[in-house]
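To be precise, the following lines are input-v1.txt, and they hold compact mmCIF, C-alpha atoms (C1' of nucleotides).
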# COMPACT_ATOMS: atom_id res chain seq x y z
CA MET A 11 26.19 -23.41 6.46
CA ARG A 12 22.56 -23.98 5.60
CA ASN A 13 20.75 -20.95 4.20
CA SER A 14 22.14 -17.57 3.22
CA LEU A 15 20.34 -14.24 3.21
CA ALA A 16 20.09 -14.56 -0.56
CA ASP A 17 18.32 -17.89 -0.14
CA VAL A 18 15.81 -16.28 2.17
CA VAL A 19 15.09 -13.42 -0.24
CA ALA A 20 14.76 -15.83 -3.16
CA ALA A 21 12.36 -18.03 -1.21
CA ALA A 22 10.33 -14.99 -0.20
CA LEU A 23 10.04 -13.92 -3.82
CA ARG A 24 8.87 -17.39 -4.80
CA VAL A 25 6.18 -17.28 -2.13
CA LEU A 26 5.19 -13.76 -3.17
CA ASP A 27 4.82 -14.70 -6.81
CA ALA A 28 2.92 -17.88 -6.04
CA GLN A 29 0.66 -16.73 -3.21
CA GLY A 30 0.54 -12.94 -3.33
CA LEU A 31 1.57 -10.33 -0.80
CA GLU A 32 -1.35 -11.05 1.49
CA ASN A 33 -0.16 -14.63 1.96
CA CYS A 34 3.54 -13.90 1.98
CA SER A 35 4.01 -14.48 5.69
CA MET A 36 7.23 -15.16 7.54
CA ARG A 37 5.83 -18.58 8.40
CA ARG A 38 5.23 -19.43 4.76
CA VAL A 39 8.65 -18.25 3.69
CA ALA A 40 10.11 -20.43 6.43
CA ALA A 41 8.05 -23.36 5.19
CA GLU A 42 9.35 -22.76 1.66
CA LEU A 43 12.86 -23.17 3.07
CA GLU A 44 11.79 -26.13 5.21
CA VAL A 45 12.89 -24.32 8.30
CA GLN A 46 11.26 -23.04 11.51
CA PRO A 47 9.85 -19.46 11.39
CA SER A 48 12.27 -18.32 14.05
CA ALA A 49 15.21 -19.29 11.83
CA LEU A 50 14.46 -16.36 9.52
CA TYR A 51 15.32 -13.90 12.25
CA HIS A 52 18.91 -14.95 12.03
CA HIS A 53 19.05 -13.46 8.51
CA VAL A 54 16.69 -10.55 8.77
CA ALA A 55 15.63 -8.14 11.52
CA ASP A 56 11.93 -8.24 10.76
CA LYS A 57 9.38 -8.65 8.00
CA GLN A 58 9.74 -5.09 6.80
CA SER A 59 13.45 -5.52 6.15
CA LEU A 60 12.76 -8.65 4.19
CA LEU A 61 10.21 -6.79 2.06
CA ALA A 62 12.76 -4.06 1.36
CA LEU A 63 15.28 -6.64 0.16
CA MET A 64 12.62 -8.21 -2.02
CA ALA A 65 11.85 -4.81 -3.53
CA ASP A 66 15.52 -4.25 -4.36
CA GLU A 67 15.67 -7.60 -6.05
CA ILE A 68 12.54 -6.96 -8.12
CA VAL A 69 13.91 -3.66 -9.36
CA ARG A 70 17.33 -5.12 -10.04
CA ASN A 71 15.83 -7.95 -12.07
CA GLY A 72 14.30 -5.30 -14.31
CA ALA A 73 17.83 -4.11 -15.00
CA VAL A 74 16.45 -0.63 -14.50
CA VAL A 75 19.71 0.46 -13.00
CA SER A 76 21.96 -0.73 -15.82
CA ARG A 77 24.02 2.23 -16.97
CA GLY A 78 22.94 4.17 -20.04
CA PRO A 79 25.21 6.34 -22.21
CA GLY A 80 26.68 7.98 -19.11
CA PRO A 81 25.83 11.20 -17.27
CA MET A 82 24.12 13.95 -19.24
CA PRO A 83 26.32 16.64 -20.79
CA ALA A 84 26.34 19.51 -18.33
CA GLY A 85 27.13 22.25 -20.85
CA ALA A 86 24.34 24.53 -22.13
CA SER A 87 24.99 23.80 -25.80
CA ALA A 88 22.44 22.02 -27.97
CA ILE A 89 19.77 22.19 -25.29
CA ALA A 90 16.90 21.05 -27.49
CA ALA A 91 18.68 17.91 -28.72
CA SER A 92 19.94 16.84 -25.31
CA ALA A 93 16.56 17.57 -23.73
CA ALA A 94 14.92 15.21 -26.19
CA SER A 95 17.42 12.46 -25.44
CA ALA A 96 17.07 13.04 -21.71
CA ALA A 97 13.32 12.62 -22.03
CA SER A 98 13.69 9.38 -23.93
CA ALA A 99 16.20 8.06 -21.39
CA ALA A 100 13.76 8.88 -18.60
CA ARG A 101 10.95 7.23 -20.51
CA THR A 102 12.95 4.04 -20.93
CA ILE A 103 13.74 3.85 -17.23
CA CYS A 104 10.08 4.23 -16.27
CA VAL A 105 8.89 1.68 -18.79
CA ARG A 106 11.47 -0.85 -17.58
CA LEU A 107 10.70 -0.19 -13.94
CA ARG A 108 7.02 -0.79 -14.63
CA ALA A 109 7.76 -4.02 -16.48
CA ALA A 110 9.94 -5.25 -13.62
CA MET A 111 7.21 -4.59 -11.09
CA LEU A 112 4.54 -6.21 -13.25
CA ALA A 113 6.73 -9.29 -13.66
CA VAL A 114 6.05 -10.53 -10.15
CA ARG A 115 2.74 -10.80 -8.39
CA ASP A 116 2.04 -7.72 -6.23
CA GLY A 117 5.46 -6.43 -7.27
CA ALA A 118 4.24 -2.83 -7.53
CA ASP A 119 2.91 -2.85 -3.98
CA VAL A 120 6.11 -4.27 -2.61
CA VAL A 121 8.37 -1.85 -4.46
CA ALA A 122 6.21 1.22 -3.88
CA THR A 123 5.89 0.56 -0.16
CA ALA A 124 9.59 -0.12 0.33
CA ALA A 125 10.51 2.87 -1.83
CA ALA A 126 8.46 5.17 0.35
CA PHE A 127 11.07 4.85 3.07
CA ARG A 128 13.99 5.74 0.90
CA LEU A 129 12.96 8.00 -1.93
CA GLY A 130 15.80 10.36 -2.53
CA ALA A 131 18.21 7.54 -1.87
CA SER A 132 17.52 5.03 -4.62
CA ALA A 133 19.66 4.25 -7.62
CA VAL A 134 16.69 4.46 -9.97
CA GLU A 135 15.79 7.92 -8.77
CA ASP A 136 19.40 9.01 -9.16
CA ARG A 137 19.51 7.82 -12.75
CA LEU A 138 16.22 9.56 -13.49
CA ALA A 139 17.41 12.74 -11.82
CA GLU A 140 20.46 12.78 -14.11
CA ALA A 141 18.08 12.93 -17.03
CA VAL A 142 15.31 15.21 -15.84
CA GLY A 143 16.26 16.72 -12.48
CA ARG A 144 15.12 15.98 -8.95
CA ASP A 145 11.51 17.16 -9.22
CA GLY A 146 11.04 15.51 -12.57
CA ALA A 147 12.47 12.25 -11.26
CA ARG A 148 10.17 12.24 -8.26
CA THR A 149 7.12 13.08 -10.32
CA LEU A 150 7.85 10.36 -12.85
CA LEU A 151 8.61 7.79 -10.17
CA LEU A 152 5.49 8.47 -8.12
CA TYR A 153 3.34 8.35 -11.23
CA THR A 154 4.99 5.11 -12.34
CA PHE A 155 4.43 3.46 -8.96
CA GLY A 156 0.81 4.56 -8.79
CA GLN A 157 -0.08 3.61 -12.33
CA THR A 158 1.61 0.24 -12.05
CA GLN A 159 -0.16 -0.62 -8.78
CA GLN A 160 -3.34 0.32 -10.58
CA THR A 161 -2.58 -1.90 -13.52
CA GLN A 162 -1.64 -4.83 -11.35
CA THR A 163 -4.73 -4.51 -9.18
CA HIS A 164 -7.00 -4.42 -12.22
CA ARG A 165 -5.29 -7.41 -13.77
CA GLN A 166 -5.71 -9.45 -10.62
CA ALA A 167 -9.35 -8.42 -10.34
CA ALA A 168 -9.85 -9.40 -13.97
CA ALA A 169 -8.15 -12.74 -13.41
CA PHE A 170 -10.31 -13.36 -10.38
CA GLY A 171 -13.43 -12.32 -12.29
CA ALA A 172 -12.49 -14.78 -14.99
CA LEU A 173 -12.41 -17.55 -12.40
CA VAL A 174 -15.71 -16.48 -10.85
CA ASP A 175 -17.56 -15.91 -14.12
CA PRO A 176 -15.84 -17.94 -16.84
CA ALA A 177 -18.49 -17.11 -19.48
CA PRO A 178 -18.11 -13.42 -20.34
CA ARG A 179 -20.64 -12.12 -22.85
CA ALA A 180 -19.17 -10.51 -25.96
CA ASP A 181 -21.23 -7.33 -25.59
CA ALA A 182 -19.97 -6.69 -22.05
CA ALA A 183 -16.34 -6.31 -23.02
CA GLN A 184 -15.93 -2.74 -21.76
CA PRO A 185 -18.67 -1.94 -19.30
CA ASP A 186 -17.63 1.57 -18.38
CA GLY A 187 -15.14 3.53 -20.39
CA ASP A 188 -12.02 1.54 -19.68
CA PRO A 189 -10.79 -1.31 -21.87
CA THR A 190 -9.14 -3.93 -19.68
CA ASP A 191 -5.70 -3.12 -20.86
CA GLY A 192 -6.08 0.41 -21.89
CA LEU A 193 -3.92 0.72 -18.79
CA ASP A 194 -0.76 -0.01 -20.76
CA ALA A 195 -1.53 2.68 -23.31
CA SER A 196 -2.73 5.01 -20.58
CA PHE A 197 0.64 4.69 -18.86
CA GLY A 198 2.42 5.86 -21.98
CA ARG A 199 0.13 8.86 -22.37
CA GLY A 200 0.59 9.89 -18.74
CA LEU A 201 4.34 9.65 -19.18
CA ASP A 202 4.10 11.85 -22.25
CA ILE A 203 2.10 14.44 -20.33
CA ILE A 204 4.70 14.62 -17.59
CA LEU A 205 7.61 14.71 -20.02
CA ALA A 206 5.90 17.48 -21.97
CA GLY A 207 5.52 19.37 -18.71
CA LEU A 208 9.21 18.92 -17.95
CA ALA A 209 10.15 20.16 -21.40
CA ALA A 210 7.91 23.21 -20.98
CA SER A 211 9.47 24.01 -17.59
CA SER A 212 13.04 23.75 -18.80
CA GLU A 213 12.31 25.85 -21.89
CA ALA A 214 10.84 28.50 -19.64
CA GLU A 215 13.96 28.32 -17.51
CA ALA A 216 16.31 28.56 -20.49
CA GLY A 217 14.32 31.61 -21.62
CA MET B 8 -31.06 -0.58 17.65
CA ARG B 9 -27.52 -0.42 18.97
CA ASN B 10 -24.89 0.49 16.39
CA SER B 11 -25.38 1.61 12.82
CA LEU B 12 -23.00 1.19 9.90
CA ALA B 13 -22.08 4.84 10.31
CA ASP B 14 -21.12 4.17 13.92
CA VAL B 15 -18.85 1.37 12.81
CA VAL B 16 -17.13 3.52 10.19
CA ALA B 17 -16.70 6.37 12.65
CA ALA B 18 -15.21 4.05 15.25
CA ALA B 19 -12.86 2.59 12.67
CA LEU B 20 -11.65 6.05 11.72
CA ARG B 21 -11.04 6.88 15.38
CA VAL B 22 -8.96 3.74 15.75
CA LEU B 23 -7.10 4.46 12.50
CA ASP B 24 -6.20 7.97 13.56
CA ALA B 25 -5.18 6.93 17.05
CA GLN B 26 -3.33 3.70 16.33
CA GLY B 27 -2.44 3.68 12.63
CA LEU B 28 -3.43 1.33 9.83
CA GLU B 29 -1.20 -1.45 11.10
CA ASN B 30 -3.14 -1.59 14.35
CA CYS B 31 -6.55 -0.91 12.91
CA SER B 32 -7.86 -4.43 13.34
CA MET B 33 -11.44 -5.60 13.35
CA ARG B 34 -10.96 -6.61 16.95
CA ARG B 35 -9.81 -3.15 17.97
CA VAL B 36 -12.65 -1.47 16.14
CA ALA B 37 -15.03 -3.81 17.96
CA ALA B 38 -13.38 -2.92 21.27
CA GLU B 39 -13.81 0.78 20.46
CA LEU B 40 -17.56 0.09 20.16
CA GLU B 41 -17.52 -2.14 23.23
CA VAL B 42 -18.84 -5.00 21.20
CA GLN B 43 -17.65 -8.49 20.23
CA PRO B 44 -15.57 -8.74 17.01
CA SER B 45 -18.19 -10.90 15.37
CA ALA B 46 -20.77 -8.13 15.76
CA LEU B 47 -19.00 -6.09 13.07
CA TYR B 48 -19.89 -8.67 10.45
CA HIS B 49 -23.49 -7.72 10.79
CA HIS B 50 -22.66 -4.29 9.34
CA VAL B 51 -19.86 -5.07 6.95
CA ALA B 52 -18.93 -8.03 4.75
CA ASP B 53 -15.24 -8.02 5.60
CA LYS B 54 -12.33 -5.81 6.55
CA GLN B 55 -11.74 -4.65 2.99
CA SER B 56 -15.26 -3.28 2.69
CA LEU B 57 -14.81 -1.40 5.91
CA LEU B 58 -11.58 0.13 4.63
CA ALA B 59 -13.36 1.24 1.46
CA LEU B 60 -16.06 2.98 3.50
CA MET B 61 -13.38 4.64 5.59
CA ALA B 62 -11.66 5.88 2.43
CA ASP B 63 -14.90 7.39 1.16
CA GLU B 64 -15.38 9.18 4.45
CA ILE B 65 -11.84 10.56 4.45
CA VAL B 66 -12.24 11.96 0.95
CA ARG B 67 -15.70 13.35 1.73
CA ASN B 68 -14.40 15.14 4.81
CA GLY B 69 -11.98 16.95 2.54
CA ALA B 70 -14.99 18.27 0.65
CA VAL B 71 -13.06 17.41 -2.45
CA VAL B 72 -16.26 16.54 -4.22
CA SER B 73 -18.12 19.76 -3.48
CA ARG B 74 -19.27 21.18 -6.80
CA GLY B 75 -17.29 23.94 -8.45
CA PRO B 76 -18.63 26.43 -11.02
CA GLY B 77 -20.30 23.64 -12.99
CA PRO B 78 -19.15 21.61 -15.99
CA MET B 79 -16.59 23.13 -18.34
CA PRO B 80 -17.83 24.97 -21.42
CA ALA B 81 -17.67 22.49 -24.28
CA GLY B 82 -17.35 25.04 -27.11
CA ALA B 83 -13.97 25.81 -28.67
CA SER B 84 -14.08 29.54 -27.97
CA ALA B 85 -11.65 31.20 -25.58
CA ILE B 86 -9.55 28.08 -25.25
CA ALA B 87 -6.61 29.74 -23.53
CA ALA B 88 -8.70 31.34 -20.79
CA SER B 89 -10.77 28.27 -20.05
CA ALA B 90 -7.68 26.07 -20.12
CA ALA B 91 -6.11 28.23 -17.44
CA SER B 92 -9.19 28.05 -15.25
CA ALA B 93 -9.49 24.31 -15.83
CA ALA B 94 -5.91 23.91 -14.65
CA SER B 95 -6.53 25.91 -11.52
CA ALA B 96 -9.71 23.96 -10.77
CA ALA B 97 -7.75 20.73 -11.13
CA ARG B 98 -5.01 22.08 -8.94
CA THR B 99 -7.48 22.94 -6.18
CA ILE B 100 -9.00 19.48 -6.23
CA CYS B 101 -5.61 17.81 -5.91
CA VAL B 102 -4.48 20.10 -3.11
CA ARG B 103 -7.70 19.47 -1.17
CA LEU B 104 -7.55 15.75 -1.72
CA ARG B 105 -4.01 15.72 -0.41
CA ALA B 106 -4.99 17.75 2.66
CA ALA B 107 -7.90 15.41 3.37
CA MET B 108 -5.64 12.37 3.23
CA LEU B 109 -2.98 13.99 5.38
CA ALA B 110 -5.61 14.91 7.97
CA VAL B 111 -5.90 11.36 9.26
CA ARG B 112 -3.12 9.00 10.17
CA ASP B 113 -2.28 6.67 7.26
CA GLY B 114 -5.10 8.31 5.33
CA ALA B 115 -3.17 8.26 2.06
CA ASP B 116 -2.59 4.52 2.28
CA VAL B 117 -6.22 3.83 3.01
CA VAL B 118 -7.54 6.02 0.21
CA ALA B 119 -4.97 4.96 -2.37
CA THR B 120 -5.54 1.27 -1.73
CA ALA B 121 -9.31 1.55 -1.80
CA ALA B 122 -9.16 3.76 -4.87
CA ALA B 123 -7.16 1.17 -6.74
CA PHE B 124 -10.25 -0.98 -7.00
CA ARG B 125 -12.46 1.70 -8.41
CA LEU B 126 -10.46 4.21 -10.37
CA GLY B 127 -12.58 5.32 -13.26
CA ALA B 128 -15.59 5.24 -10.99
CA SER B 129 -14.87 7.84 -8.35
CA ALA B 130 -16.50 11.22 -7.97
CA VAL B 131 -13.14 12.93 -7.55
CA GLU B 132 -11.82 11.50 -10.75
CA ASP B 133 -15.00 12.56 -12.55
CA ARG B 134 -14.62 16.13 -11.35
CA LEU B 135 -10.98 16.17 -12.38
CA ALA B 136 -11.83 14.70 -15.77
CA GLU B 137 -14.29 17.55 -16.38
CA ALA B 138 -11.39 19.95 -15.98
CA VAL B 139 -8.51 18.17 -17.69
CA GLY B 140 -9.79 15.03 -19.42
CA ARG B 141 -9.54 11.37 -18.53
CA ASP B 142 -5.79 10.88 -18.96
CA GLY B 143 -5.00 14.11 -17.19
CA ALA B 144 -7.29 13.20 -14.30
CA ARG B 145 -5.67 9.80 -13.88
CA THR B 146 -2.17 11.20 -14.07
CA LEU B 147 -2.92 13.88 -11.51
CA LEU B 148 -4.68 11.46 -9.19
CA LEU B 149 -1.97 8.83 -9.26
CA TYR B 150 0.68 11.46 -8.68
CA THR B 151 -1.32 12.93 -5.81
CA PHE B 152 -1.79 9.55 -4.14
CA GLY B 153 1.86 8.65 -4.51
CA GLN B 154 3.23 11.95 -3.35
CA THR B 155 0.89 12.08 -0.38
CA GLN B 156 1.77 8.56 0.75
CA GLN B 157 5.38 9.67 0.51
CA THR B 158 4.77 12.74 2.58
CA GLN B 159 2.86 10.87 5.23
CA THR B 160 5.47 8.12 5.49
CA HIS B 161 8.25 10.66 5.92
CA ARG B 162 6.32 12.58 8.54
CA GLN B 163 5.70 9.46 10.55
CA ALA B 164 9.33 8.45 10.26
CA ALA B 165 10.35 11.92 11.39
CA ALA B 166 7.93 11.80 14.32
CA PHE B 167 9.29 8.41 15.30
CA GLY B 168 12.86 9.63 14.95
CA ALA B 169 12.00 12.54 17.20
CA LEU B 170 10.86 10.08 19.85
CA VAL B 171 13.91 7.90 19.44
CA ASP B 172 16.42 10.73 19.31
CA PRO B 173 14.89 13.79 20.98
CA ALA B 174 18.09 15.86 20.75
CA PRO B 175 18.63 16.71 17.07
CA ARG B 176 21.78 18.69 16.37
CA ALA B 177 21.29 21.95 14.51
CA ASP B 178 23.83 21.08 11.83
CA ALA B 179 22.09 17.83 10.93
CA ALA B 180 18.85 19.42 9.82
CA GLN B 181 18.98 18.14 6.23
CA PRO B 182 21.28 15.14 6.03
CA ASP B 183 20.83 14.32 2.36
CA GLY B 184 19.29 16.68 -0.10
CA ASP B 185 15.74 16.76 1.21
CA PRO B 186 14.43 19.27 3.73
CA THR B 187 11.91 17.51 5.96
CA ASP B 188 9.00 19.37 4.52
CA GLY B 189 10.24 20.22 1.17
CA LEU B 190 7.64 17.61 0.39
CA ASP B 191 4.85 20.17 0.49
CA ALA B 192 6.63 22.44 -1.94
CA SER B 193 7.70 19.48 -4.03
CA PHE B 194 4.07 18.47 -4.42
CA GLY B 195 3.21 21.84 -5.88
CA ARG B 196 6.09 21.70 -8.34
CA GLY B 197 5.13 18.23 -9.51
CA LEU B 198 1.57 19.39 -10.01
CA ASP B 199 2.86 22.30 -12.07
CA ILE B 200 4.89 19.98 -14.23
CA ILE B 201 1.88 17.80 -14.98
CA LEU B 202 -0.41 20.76 -15.60
CA ALA B 203 2.18 22.27 -17.93
CA GLY B 204 2.26 18.96 -19.77
CA LEU B 205 -1.51 18.94 -20.08
CA ALA B 206 -1.49 22.49 -21.40
CA ALA B 207 1.17 21.57 -23.96
CA SER B 208 -0.84 18.53 -25.10
CA SER B 209 -4.08 20.44 -25.51
CA GLU B 210 -2.36 23.26 -27.39
CA ALA B 211 -0.88 20.70 -29.75
CA GLU B 212 -4.35 19.23 -30.24
CA ALA B 213 -5.93 22.60 -30.87
CA GLY B 214 -3.23 23.21 -33.51
C1' DA C 9 26.78 -19.41 12.22
C1' DC C 10 22.49 -21.42 11.73
C1' DC C 11 18.75 -23.69 13.50
C1' DT C 12 14.84 -25.93 16.80
C1' DG C 13 10.90 -25.86 20.06
C1' DA C 14 7.95 -23.65 22.70
C1' DA C 15 5.72 -19.82 23.94
C1' DC C 16 3.28 -14.94 23.84
C1' DA C 17 0.11 -11.86 22.29
C1' DC C 18 -2.21 -11.22 18.64
C1' DC C 19 -5.15 -11.71 13.83
C1' DG C 20 -9.86 -12.26 10.35
C1' DT C 21 -13.82 -14.87 9.94
C1' DT C 22 -17.68 -18.24 10.83
C1' DC C 23 -21.53 -19.93 13.17
C1' DA C 24 -24.93 -21.30 16.35
C1' DA C 25 -27.47 -19.13 19.65
C1' DG C 26 -29.58 -15.43 22.16
C1' DT C 27 -32.88 -10.88 22.58
C1' DA D 25 -31.96 -6.22 13.60
C1' DC D 26 -28.13 -6.56 16.40
C1' DC D 27 -25.35 -8.96 19.37
C1' DT D 28 -22.68 -12.87 22.30
C1' DG D 29 -19.51 -16.82 22.96
C1' DA D 30 -16.76 -20.07 21.35
C1' DA D 31 -14.11 -21.81 18.03
C1' DC D 32 -10.80 -22.34 13.70
C1' DA D 33 -6.87 -21.50 11.33
C1' DC D 34 -3.79 -18.43 11.21
C1' DC D 35 -0.12 -14.24 12.32
C1' DG D 36 4.99 -11.73 13.81
C1' DT D 37 8.38 -12.04 17.14
C1' DT D 38 11.24 -13.58 21.19
C1' DC D 39 14.15 -16.56 23.58
C1' DA D 40 16.51 -20.29 25.59
C1' DA D 41 18.74 -24.08 23.90
C1' DG D 42 21.01 -27.08 20.66
C1' DT D 43 25.02 -28.25 16.89
Show the structure stored in the file as structure tokens.
Amino acid sequence: MRNSLADVVAAALRVLDAQGLENCSMRRVAAELEVQPSALYHHVADKQSLLALMADEIVRNGAVVSRGPGPMPAGASAIAASAASAASAARTICVRLRAAMLAVRDGADVVATAAAFRLGASAVEDRLAEAVGRDGARTLLLYTFGQTQQTQTHRQAAAFGALVDPAPRADAAQPDGDPTDGLDASFGRGLDIILAGLAASSEAEAG
Amino acid sequence: MRNSLADVVAAALRVLDAQGLENCSMRRVAAELEVQPSALYHHVADKQSLLALMADEIVRNGAVVSRGPGPMPAGASAIAASAASAASAARTICVRLRAAMLAVRDGADVVATAAAFRLGASAVEDRLAEAVGRDGARTLLLYTFGQTQQTQTHRQAAAFGALVDPAPRADAAQPDGDPTDGLDASFGRGLDIILAGLAASSEAEAG
DNA sequence: ACCTGAACACCGTTCAAGT
DNA sequence: ACCTGAACACCGTTCAAGT
């Protein structure tokens, strides 16, 4: 036995992190394993399947799916208190998911693209739905994907800019409204907006 | 004079709509214009620039940027009424943007990717920000992109499935929780959640 | 079960040269 | 200003064949 599927996924993630999604070709992954490109097709049906496996691994490394305090209490008692704890559970999941995606180069793109084919069937969405319902889970997840892709793109552009122009002037720090990593804070505020909306909806429902 | 930049962008959009993003290569766009691939580089620096121009065109076709009733009143009077109209203005923009992206094959991918490089500098975001502020605009936009990509991916998968298995059984209509175009309704509910959150935040601010 | 070697039908981009 | 022709360094995927 030479390489396992797990070896292939691990090699692919190494290539992704080192070279970026654009350069994460089947041929390069094969080279990373010191194997012919055609050998990969013994482990994986096509490139898309490999990307899906990579996405799973990225999310799993974030431990986003690790169990919390168990399923939410289903009874109607103490709605306010349990709503607050549901919101904070949901918040934690989103923050962790974002961190996991940011941890590997182009991670947000990989996860968001792979997730598109299976939303409604992911463990993360299930855990979120326990806390805030199906619509809330979807809204939070889509926002988290989008904002994280955004953040990652900006960071890479900034890193590239730093290479291109390694002498930034002090007075040009924030050219147009957006501090370079206002994006982290902005994520939190967006999350708060959505969670506030969810709270408002469920209050309305509970009358 | 043979082809203009506008001709190139138009041809690219024809190819995109007919063949999808995956097959929208420089070489195919050139073929659509009956020109050598290298000719495109007279009009456009590289493929990415062309995609950005295509994204602009897609959004513009949705008339998302057409002016509304003018900038919001800045005074603090009649907050409740103007907040409601701001929310409905924002809602309209998001719904139109979504429709514009859905109108061309893979439109959401093209727009979302191009937008990633310029968020904070787009006309759509500016118009949204007038209605609901910077954080609200970003949150709405990211959600709209994500949800629309989702919708488009599912539709294409469904269309493909229909080709593969053209005899769907009546009792298999909704295999797992999600009606095929619950996605349209789901979009509206997510929007409502975010708008409710924005209303809650601005009430809190206004004391 | 896992891999090689060779091939097929593609890519984006550059560059000298034409009109 | 706009285009051709040829080239360079790549792609994903298939398939017969080896061990």
Output the contact residues of chain B with respect to chain D at a cut-off of 9 Å, based on only C-alpha atoms (C1' of nucleotides), as a tab-separated table (two decimals) with C-alpha atoms, keeping the file's coordinate frame.
chain	number	residue	atom	x	y	z
B	8	MET	CA	-31.06	-0.58	17.65
B	9	ARG	CA	-27.52	-0.42	18.97
B	10	ASN	CA	-24.89	0.49	16.39
B	42	VAL	CA	-18.84	-5.00	21.20
B	43	GLN	CA	-17.65	-8.49	20.23
B	45	SER	CA	-18.19	-10.90	15.37
B	46	ALA	CA	-20.77	-8.13	15.76
B	49	HIS	CA	-23.49	-7.72	10.79
With 8 Å as the cut-off and all atoms listed in the file counted, what is the closest atom pair between each nearby residue of chain A and chain B? Distances in Å to one decimal, ordered by chain and number, as a Markdown table.
| residue | atom | partner | partner_atom | distance |
| --- | --- | --- | --- | --- |
| A:Ala126 | CA | B:Gln157 | CA | 5.5 |
| A:Phe127 | CA | B:Thr160 | CA | 6.9 |
| A:Gly130 | CA | B:Asp185 | CA | 7.4 |
| A:Asp145 | CA | B:Gly197 | CA | 6.5 |
| A:Gly146 | CA | B:Gly197 | CA | 7.2 |
| A:Arg148 | CA | B:Gly197 | CA | 7.9 |
| A:Thr149 | CA | B:Gly197 | CA | 5.6 |
| A:Leu152 | CA | B:Gly153 | CA | 5.1 |
| A:Tyr153 | CA | B:Tyr150 | CA | 4.8 |
| A:Phe155 | CA | B:Gly153 | CA | 7.3 |
| A:Gly156 | CA | B:Leu149 | CA | 5.1 |
| A:Gln157 | CA | B:Leu149 | CA | 6.3 |
| A:Gln159 | CA | B:Ala123 | CA | 7.5 |
| A:Gln160 | CA | B:Ala123 | CA | 5.5 |
| A:Thr163 | CA | B:Ala123 | CA | 6.6 |
| A:His164 | CA | B:Phe124 | CA | 7.0 |
| A:Gly187 | CA | B:Gly127 | CA | 7.8 |
| A:Asp188 | CA | B:Gly127 | CA | 7.5 |
| A:Ser196 | CA | B:Asp142 | CA | 6.8 |
| A:Arg199 | CA | B:Asp142 | CA | 7.1 |
| A:Gly200 | CA | B:Thr146 | CA | 5.6 |
| A:Asp202 | CA | B:Gly204 | CA | 7.8 |
| A:Ile203 | CA | B:Gly204 | CA | 4.6 |
| A:Ile204 | CA | B:Ile201 | CA | 5.0 |
| A:Leu205 | CA | B:Gly204 | CA | 6.8 |
| A:Ala206 | CA | B:Gly204 | CA | 4.5 |
| A:Gly207 | CA | B:Gly204 | CA | 3.5 |
| A:Leu208 | CA | B:Ile200 | CA | 5.8 |
| A:Ala210 | CA | B:Ala203 | CA | 6.6 |
| A:Ser211 | CA | B:Ile200 | CA | 7.0 |
Interatomic distance (Å, one decimal) between atom CA of B:Val66 and atom CA of B:Leu23: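 Atom CA of B:Val66 sits 14.7 Å away from atom CA of B:Leu23.
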Atom CA of B:Leu60 and atom CA of B:Thr99 are how many Å apart?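 Computing the Euclidean distance for atom CA of B:Leu60 and atom CA of B:Thr99 yields 23.8 Å.
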Calculate how many Å separate atom CA of B:Ile65 from atom CA of B:Glu137, rounding to one decimal.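 These two atoms are separated by 22.1 Å.
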